[in-house]
file query_8.pdb (PDB, C-alpha atoms)
ATOM      1  CA  MET A   1    -253.450-151.085 128.037
ATOM      2  CA  ASN A   2    -256.795-152.459 126.929
ATOM      3  CA  SER A   3    -258.012-153.616 123.512
ATOM      4  CA  LYS A   4    -261.314-151.820 124.134
ATOM      5  CA  ILE A   5    -259.589-148.464 123.702
ATOM      6  CA  SER A   6    -256.825-149.626 121.360
ATOM      7  CA  PRO A   7    -254.733-147.943 120.061
ATOM      8  CA  GLY A   8    -255.224-145.670 123.047
ATOM      9  CA  PHE A   9    -254.313-146.098 126.694
ATOM     10  CA  LEU A  10    -255.117-144.967 130.231
ATOM     11  CA  TRP A  11    -252.653-143.560 132.739
ATOM     12  CA  VAL A  12    -252.444-142.500 136.368
ATOM     13  CA  ILE A  13    -249.707-140.132 137.564
ATOM     14  CA  PRO A  14    -249.525-139.663 141.361
ATOM     15  CA  LEU A  15    -248.939-136.038 142.404
ATOM     16  CA  SER A  16    -249.097-136.606 146.161
ATOM     17  CA  GLU A  17    -250.518-139.133 148.622
ATOM     18  CA  SER A  18    -254.023-137.817 147.966
ATOM     19  CA  THR A  19    -254.003-136.454 144.407
ATOM     20  CA  ALA A  20    -253.251-137.793 140.948
ATOM     21  CA  ARG A  21    -253.659-137.024 137.279
ATOM     22  CA  VAL A  22    -255.801-139.583 135.491
ATOM     23  CA  GLY A  23    -255.893-139.517 131.722
ATOM     24  CA  LEU A  24    -257.255-141.336 128.698
ATOM     25  CA  PHE A  25    -256.251-141.243 125.043
ATOM     26  CA  ALA A  26    -258.417-143.114 122.522
ATOM     27  CA  ASP A  27    -260.175-142.719 119.169
ATOM     28  CA  PHE A  28    -263.714-142.042 120.416
ATOM     29  CA  ASP A  29    -265.960-139.005 120.783
ATOM     30  CA  TYR A  30    -266.112-137.113 124.072
ATOM     31  CA  LYS A  31    -269.236-138.894 125.370
ATOM     32  CA  GLU A  32    -267.717-142.364 124.891
ATOM     33  CA  LEU A  33    -264.366-141.283 126.341
ATOM     34  CA  ASN A  34    -266.112-139.877 129.401
ATOM     35  CA  GLU A  35    -267.989-143.158 129.933
ATOM     36  CA  ILE A  36    -264.775-145.203 129.604
ATOM     37  CA  LEU A  37    -262.932-142.939 132.036
ATOM     38  CA  ASN A  38    -265.755-143.050 134.600
ATOM     39  CA  GLU A  39    -265.880-146.845 134.331
ATOM     40  CA  PHE A  40    -262.119-146.976 134.913
ATOM     41  CA  LEU A  41    -262.426-144.818 138.034
ATOM     42  CA  GLU A  42    -265.296-146.910 139.413
ATOM     43  CA  ASN A  43    -263.475-150.216 138.860
ATOM     44  CA  ASN A  44    -260.194-149.061 140.393
ATOM     45  CA  GLU A  45    -260.208-149.458 144.179
ATOM     46  CA  GLU A  46    -257.624-146.730 144.727
ATOM     47  CA  LEU A  47    -259.579-144.253 142.596
ATOM     48  CA  ARG A  48    -263.134-145.155 143.513
ATOM     49  CA  ASP A  49    -265.154-142.290 145.069
ATOM     50  CA  VAL A  50    -262.499-139.725 144.194
ATOM     51  CA  LYS A  51    -263.314-136.049 143.928
ATOM     52  CA  ILE A  52    -262.559-134.608 140.502
ATOM     53  CA  LEU A  53    -260.843-131.230 140.958
ATOM     54  CA  LYS A  54    -260.420-130.270 137.294
ATOM     55  CA  LYS A  55    -261.226-131.853 133.970
ATOM     56  CA  TYR A  56    -259.725-131.188 130.547
ATOM     57  CA  HIS A  57    -260.333-132.656 127.117
ATOM     58  CA  GLY A  58    -259.227-132.033 123.564
ATOM     59  CA  LYS A  59    -258.539-133.606 120.197
ATOM     60  CA  ILE A  60    -255.095-135.066 119.485
ATOM     61  CA  PRO A  61    -254.306-134.846 115.739
ATOM     62  CA  ILE A  62    -252.216-137.979 115.090
ATOM     63  CA  TYR A  63    -249.583-137.801 112.334
ATOM     64  CA  ASP A  64    -251.047-137.565 108.830
ATOM     65  CA  PRO A  65    -248.427-138.207 106.076
ATOM     66  CA  LYS A  66    -250.669-136.572 103.457
ATOM     67  CA  LYS A  67    -251.181-133.300 105.299
ATOM     68  CA  ASP A  68    -249.756-130.189 103.623
ATOM     69  CA  ILE A  69    -248.229-127.870 106.208
ATOM     70  CA  VAL A  70    -247.168-124.979 103.962
ATOM     71  CA  LYS A  71    -249.488-122.802 101.892
ATOM     72  CA  ASN A  72    -248.773-119.319 100.550
ATOM     73  CA  ARG A  73    -247.376-117.358 103.518
ATOM     74  CA  ALA A  74    -248.591-119.788 106.204
ATOM     75  CA  ILE A  75    -246.723-122.692 107.792
ATOM     76  CA  LEU A  76    -248.090-125.080 110.424
ATOM     77  CA  ILE A  77    -246.206-126.394 113.469
ATOM     78  CA  GLY A  78    -247.065-128.878 116.223
ATOM     79  CA  ASP A  79    -250.670-130.091 116.628
ATOM     80  CA  ALA A  80    -251.836-127.903 113.742
ATOM     81  CA  ALA A  81    -249.424-129.811 111.478
ATOM     82  CA  SER A  82    -250.367-133.213 112.982
ATOM     83  CA  GLN A  83    -246.766-133.531 114.202
ATOM     84  CA  VAL A  84    -247.893-136.021 116.843
ATOM     85  CA  LYS A  85    -246.454-139.522 117.388
ATOM     86  CA  PRO A  86    -248.977-142.287 116.583
ATOM     87  CA  THR A  87    -247.693-144.577 119.359
ATOM     88  CA  THR A  88    -247.716-142.206 122.342
ATOM     89  CA  SER A  89    -249.676-139.151 121.127
ATOM     90  CA  GLY A  90    -246.763-136.963 122.233
ATOM     91  CA  GLY A  91    -244.950-134.435 120.103
ATOM     92  CA  LEU A  92    -243.017-131.893 122.166
ATOM     93  CA  ILE A  93    -239.576-132.752 120.785
ATOM     94  CA  ILE A  94    -240.882-132.929 117.218
ATOM     95  CA  GLY A  95    -242.575-129.564 117.733
ATOM     96  CA  PHE A  96    -239.406-127.957 119.118
ATOM     97  CA  ASN A  97    -237.307-129.258 116.228
ATOM     98  CA  CYS A  98    -239.860-128.153 113.648
ATOM     99  CA  ALA A  99    -240.086-124.698 115.245
ATOM    100  CA  LYS A 100    -236.330-124.383 114.747
ATOM    101  CA  ILE A 101    -236.611-125.493 111.108
ATOM    102  CA  ALA A 102    -239.486-123.069 110.567
ATOM    103  CA  ALA A 103    -237.513-120.166 112.046
ATOM    104  CA  GLU A 104    -234.549-120.900 109.767
ATOM    105  CA  VAL A 105    -236.726-121.206 106.658
ATOM    106  CA  VAL A 106    -238.688-118.032 107.438
ATOM    107  CA  TYR A 107    -235.428-116.138 107.945
ATOM    108  CA  GLU A 108    -234.125-117.385 104.589
ATOM    109  CA  ALA A 109    -237.384-116.438 102.855
ATOM    110  CA  ILE A 110    -237.389-112.921 104.323
ATOM    111  CA  SER A 111    -233.694-112.393 103.642
ATOM    112  CA  SER A 112    -234.021-113.350  99.990
ATOM    113  CA  GLN A 113    -237.531-111.922  99.548
ATOM    114  CA  ASN A 114    -238.587-115.283  98.094
ATOM    115  CA  ILE A 115    -241.782-116.807  99.508
ATOM    116  CA  ASP A 116    -241.191-120.099  97.678
ATOM    117  CA  ILE A 117    -238.393-120.881 100.153
ATOM    118  CA  LEU A 118    -241.087-121.557 102.763
ATOM    119  CA  LYS A 119    -241.788-124.845 100.962
ATOM    120  CA  ASN A 120    -238.409-126.075 102.229
ATOM    121  CA  TYR A 121    -239.928-126.323 105.704
ATOM    122  CA  GLN A 122    -242.220-129.168 104.666
ATOM    123  CA  LYS A 123    -239.416-130.877 102.723
ATOM    124  CA  ARG A 124    -237.001-130.733 105.679
ATOM    125  CA  TYR A 125    -239.664-131.901 108.137
ATOM    126  CA  ARG A 126    -240.579-134.923 106.003
ATOM    127  CA  LYS A 127    -236.933-135.819 105.440
ATOM    128  CA  MET A 128    -236.341-135.749 109.205
ATOM    129  CA  TYR A 129    -239.485-137.511 110.434
ATOM    130  CA  ASN A 130    -241.449-139.298 107.683
ATOM    131  CA  ASN A 131    -239.707-142.686 108.007
ATOM    132  CA  GLU A 132    -239.892-142.631 111.801
ATOM    133  CA  LEU A 133    -243.565-141.640 111.969
ATOM    134  CA  LYS A 134    -244.604-144.075 109.224
ATOM    135  CA  MET A 135    -242.940-146.885 111.206
ATOM    136  CA  GLN A 136    -244.886-145.795 114.275
ATOM    137  CA  LEU A 137    -248.119-145.839 112.264
ATOM    138  CA  LYS A 138    -247.444-149.467 111.275
ATOM    139  CA  VAL A 139    -246.737-150.413 114.882
ATOM    140  CA  GLN A 140    -249.889-148.664 116.061
ATOM    141  CA  ASN A 141    -252.076-150.250 113.373
ATOM    142  CA  THR A 142    -250.729-153.674 114.356
ATOM    143  CA  TYR A 143    -251.394-153.009 118.032
ATOM    144  CA  LYS A 144    -254.884-151.733 117.227
ATOM    145  CA  SER A 145    -255.882-155.075 115.675
ATOM    146  CA  LEU A 146    -255.001-157.164 118.749
ATOM    147  CA  ASP A 147    -257.477-158.317 121.366
ATOM    148  CA  ASP A 148    -256.585-158.617 125.064
ATOM    149  CA  ASP A 149    -255.466-162.259 124.795
ATOM    150  CA  ASN A 150    -253.066-161.475 121.958
ATOM    151  CA  LEU A 151    -251.805-158.376 123.743
ATOM    152  CA  ASP A 152    -251.053-160.436 126.866
ATOM    153  CA  SER A 153    -249.367-163.137 124.792
ATOM    154  CA  VAL A 154    -247.155-160.645 122.934
ATOM    155  CA  ILE A 155    -246.113-158.851 126.125
ATOM    156  CA  LEU A 156    -245.353-162.092 127.992
ATOM    157  CA  LYS A 157    -243.247-163.441 125.126
ATOM    158  CA  LEU A 158    -241.304-160.196 124.887
ATOM    159  CA  LYS A 159    -240.735-160.345 128.645
ATOM    160  CA  GLU A 160    -239.438-163.926 128.344
ATOM    161  CA  LYS A 161    -236.875-162.717 125.809
ATOM    162  CA  GLU A 162    -235.761-160.016 128.280
ATOM    163  CA  VAL A 163    -236.630-157.297 125.819
ATOM    164  CA  GLY A 164    -236.351-154.786 128.654
ATOM    165  CA  LYS A 165    -232.560-154.834 128.271
ATOM    166  CA  ILE A 166    -232.813-154.035 124.565
ATOM    167  CA  VAL A 167    -235.360-151.293 125.256
ATOM    168  CA  SER A 168    -232.992-149.750 127.810
ATOM    169  CA  GLU A 169    -230.218-149.641 125.218
ATOM    170  CA  TYR A 170    -232.109-148.746 122.050
ATOM    171  CA  GLY A 171    -235.397-147.328 123.361
ATOM    172  CA  ASP A 172    -236.209-143.689 122.721
ATOM    173  CA  LEU A 173    -239.725-142.251 122.935
ATOM    174  CA  ASP A 174    -238.962-139.789 120.169
ATOM    175  CA  SER A 175    -237.120-142.166 117.844
ATOM    176  CA  GLN A 176    -238.665-145.626 118.044
ATOM    177  CA  ALA A 177    -237.605-146.992 114.639
ATOM    178  CA  PRO A 178    -234.084-148.052 115.817
ATOM    179  CA  LEU A 179    -235.655-150.205 118.541
ATOM    180  CA  MET A 180    -238.045-151.875 116.080
ATOM    181  CA  ILE A 181    -235.199-152.536 113.637
ATOM    182  CA  LYS A 182    -233.127-154.095 116.447
ATOM    183  CA  LEU A 183    -236.030-156.345 117.497
ATOM    184  CA  ILE A 184    -236.497-157.474 113.890
ATOM    185  CA  LYS A 185    -232.787-158.104 113.262
ATOM    186  CA  SER A 186    -232.414-160.038 116.512
ATOM    187  CA  GLY A 187    -235.329-162.278 115.536
ATOM    188  CA  ILE A 188    -237.205-161.507 118.752
ATOM    189  CA  ILE A 189    -240.116-159.875 116.976
ATOM    190  CA  PHE A 190    -240.746-163.081 115.012
ATOM    191  CA  SER A 191    -241.475-164.932 118.245
ATOM    192  CA  VAL A 192    -244.794-163.089 118.377
ATOM    193  CA  LEU A 193    -245.626-163.260 114.667
ATOM    194  CA  PRO A 194    -247.730-166.459 114.619
ATOM    195  CA  LYS A 195    -250.641-164.808 116.397
ATOM    196  CA  LEU A 196    -250.248-161.700 114.289
ATOM    197  CA  LEU A 197    -250.173-163.696 111.056
ATOM    198  CA  SER A 198    -253.272-165.595 112.094
ATOM    199  CA  ARG A 199    -255.038-162.232 112.034
ATOM    200  CA  LYS A 200    -253.578-161.430 108.597
ATOM    201  CA  ILE A 201    -251.221-158.807 109.968
ATOM    202  CA  PHE A 202    -248.062-158.235 108.042
ATOM    203  CA  GLY A 203    -247.611-154.495 108.529
ATOM    204  CA  LEU A 204    -244.179-154.703 110.131
TER
END
call {"tool": "encode", "arguments": {"input": "query_8.pdb", "output": "structure tokens"}}
result
Amino acid sequence: MNSKISPGFLWVIPLSESTARVGLFADFDYKELNEILNEFLENNEELRDVKILKKYHGKIPIYDPKKDIVKNRAILIGDAASQVKPTTSGGLIIGFNCAKIAAEVVYEAISSQNIDILKNYQKRYRKMYNNELKMQLKVQNTYKSLDDDNLDSVILKLKEKEVGKIVSEYGDLDSQAPLMIKLIKSGIIFSVLPKLLSRKIFGL
């Protein structure tokens, strides 16, 4: 985690003793992302002077609450529908669930010979995910506004409160709202609010 690439992040996943996947997610163009990634590799002793075997890049379309995903006879699913979590940039489970909804709606539309039924796909998707993804957008916008000092302060305070235990019980990468609600109700989240309020953040 680094405020320079906020709300993005870097990761390293070891595959063996000599190989690893190194990745970067951030809101920059390819040239800037490449520079940030190269700088990360050069400044990391374990990764310095590595040989790059393969390189991939692509755009991650973060959730857009205003995006229409049904038009005429076309429906969008997954990345094309921006069904991507703002906090982690993942979306496999959302995509699987929406594919199931889409299949059911398409079947209903074909069976009844009524194309208007396709609109139910967007309605069902928003009913299932809008509140969750909007909460994640607020969390991500709050995180995006923090510098490194505030990030460190927030994380240390949460660690002092043993938030790890709450995360273990309520944490879910695909449904993060219950965890946020628990942190708010328990009062823990307010222990980090002074620094947030000083930066005029009241999104949560």
call {"tool": "residues_around", "arguments": {"input": "query_8.pdb", "residues": "A:Asp27", "least_positions_apart": "6", "cutoff": "12 Å", "atoms": "all atoms listed in the file", "output": "PDB file with C-alpha atoms, in the frame of the given file"}}
result
ATOM      1  CA  SER A   3    -258.012-153.616 123.512  1.00  0.00           C
ATOM      2  CA  LYS A   4    -261.314-151.820 124.134  1.00  0.00           C
ATOM      3  CA  ILE A   5    -259.589-148.464 123.702  1.00  0.00           C
ATOM      4  CA  SER A   6    -256.825-149.626 121.360  1.00  0.00           C
ATOM      5  CA  PRO A   7    -254.733-147.943 120.061  1.00  0.00           C
ATOM      6  CA  GLY A   8    -255.224-145.670 123.047  1.00  0.00           C
ATOM      7  CA  PHE A   9    -254.313-146.098 126.694  1.00  0.00           C
ATOM      8  CA  LEU A  33    -264.366-141.283 126.341  1.00  0.00           C
ATOM      9  CA  ILE A  36    -264.775-145.203 129.604  1.00  0.00           C
ATOM     10  CA  GLY A  58    -259.227-132.033 123.564  1.00  0.00           C
ATOM     11  CA  LYS A  59    -258.539-133.606 120.197  1.00  0.00           C
ATOM     12  CA  ILE A  60    -255.095-135.066 119.485  1.00  0.00           C
ATOM     13  CA  PRO A  61    -254.306-134.846 115.739  1.00  0.00           C
ATOM     14  CA  ILE A  62    -252.216-137.979 115.090  1.00  0.00           C
ATOM     15  CA  PRO A  86    -248.977-142.287 116.583  1.00  0.00           C
ATOM     16  CA  SER A  89    -249.676-139.151 121.127  1.00  0.00           C
ATOM     17  CA  LYS A 144    -254.884-151.733 117.227  1.00  0.00           C
TER      18      LYS A 144
END
call {"tool": "closest_residue", "arguments": {"input": "query_8.pdb", "among": "A:Ala102, A:Met128, A:Ala81, A:Leu37", "to": "A:Phe25", "atoms": "only C-alpha atoms"}}
result
A:Leu37
call {"tool": "resolve_selection", "arguments": {"input": "query_8.pdb", "expression": "the PyMOL selection byres ((chain A and resi 92) around 12)", "output": "mmCIF file with C-alpha atoms, keeping the file's coordinate frame"}}
result
data_model
loop_
_atom_site.group_PDB
_atom_site.id
_atom_site.type_symbol
_atom_site.label_atom_id
_atom_site.label_comp_id
_atom_site.auth_asym_id
_atom_site.auth_seq_id
_atom_site.Cartn_x
_atom_site.Cartn_y
_atom_site.Cartn_z
ATOM 1 C CA ILE A 77 -246.206 -126.394 113.469
ATOM 2 C CA GLY A 78 -247.065 -128.878 116.223
ATOM 3 C CA ASP A 79 -250.670 -130.091 116.628
ATOM 4 C CA SER A 82 -250.367 -133.213 112.982
ATOM 5 C CA GLN A 83 -246.766 -133.531 114.202
ATOM 6 C CA VAL A 84 -247.893 -136.021 116.843
ATOM 7 C CA LYS A 85 -246.454 -139.522 117.388
ATOM 8 C CA THR A 88 -247.716 -142.206 122.342
ATOM 9 C CA SER A 89 -249.676 -139.151 121.127
ATOM 10 C CA GLY A 90 -246.763 -136.963 122.233
ATOM 11 C CA GLY A 91 -244.950 -134.435 120.103
ATOM 12 C CA ILE A 93 -239.576 -132.752 120.785
ATOM 13 C CA ILE A 94 -240.882 -132.929 117.218
ATOM 14 C CA GLY A 95 -242.575 -129.564 117.733
ATOM 15 C CA PHE A 96 -239.406 -127.957 119.118
ATOM 16 C CA ASN A 97 -237.307 -129.258 116.228
ATOM 17 C CA CYS A 98 -239.860 -128.153 113.648
ATOM 18 C CA ALA A 99 -240.086 -124.698 115.245
ATOM 19 C CA LEU A 173 -239.725 -142.251 122.935
ATOM 20 C CA ASP A 174 -238.962 -139.789 120.169
#
call {"tool": "closest_residue", "arguments": {"input": "query_8.pdb", "among": "A:Thr87, A:Val22, A:Arg73, A:Asn150", "to": "A:Gln113", "atoms": "all atoms listed in the file"}}
result
A:Arg73
call {"tool": "resolve_selection", "arguments": {"input": "query_8.pdb", "expression": "the PyMOL selection byres ((chain A and resi 66) around 12)", "output": "number ranges by chain"}}
result
A: 62-65, 67-69, 81-83, 122, 126, 130, 134
call {"tool": "closest_residue", "arguments": {"input": "query_8.pdb", "among": "A:Val70, A:Leu53, A:Ala109, A:Ile117", "to": "A:Ser18", "atoms": "only C-alpha atoms"}}
result
A:Leu53
call {"tool": "closest_residue", "arguments": {"input": "query_8.pdb", "among": "A:Asn44, A:Tyr129, A:Asp116, A:Lys71", "to": "A:Val12", "atoms": "only C-alpha atoms"}}
result
A:Asn44
call {"tool": "closest_residue", "arguments": {"input": "query_8.pdb", "among": "A:Glu104, A:Glu46, A:Glu132, A:Asp147", "to": "A:Ala20", "atoms": "only C-alpha atoms"}}
result
A:Glu46
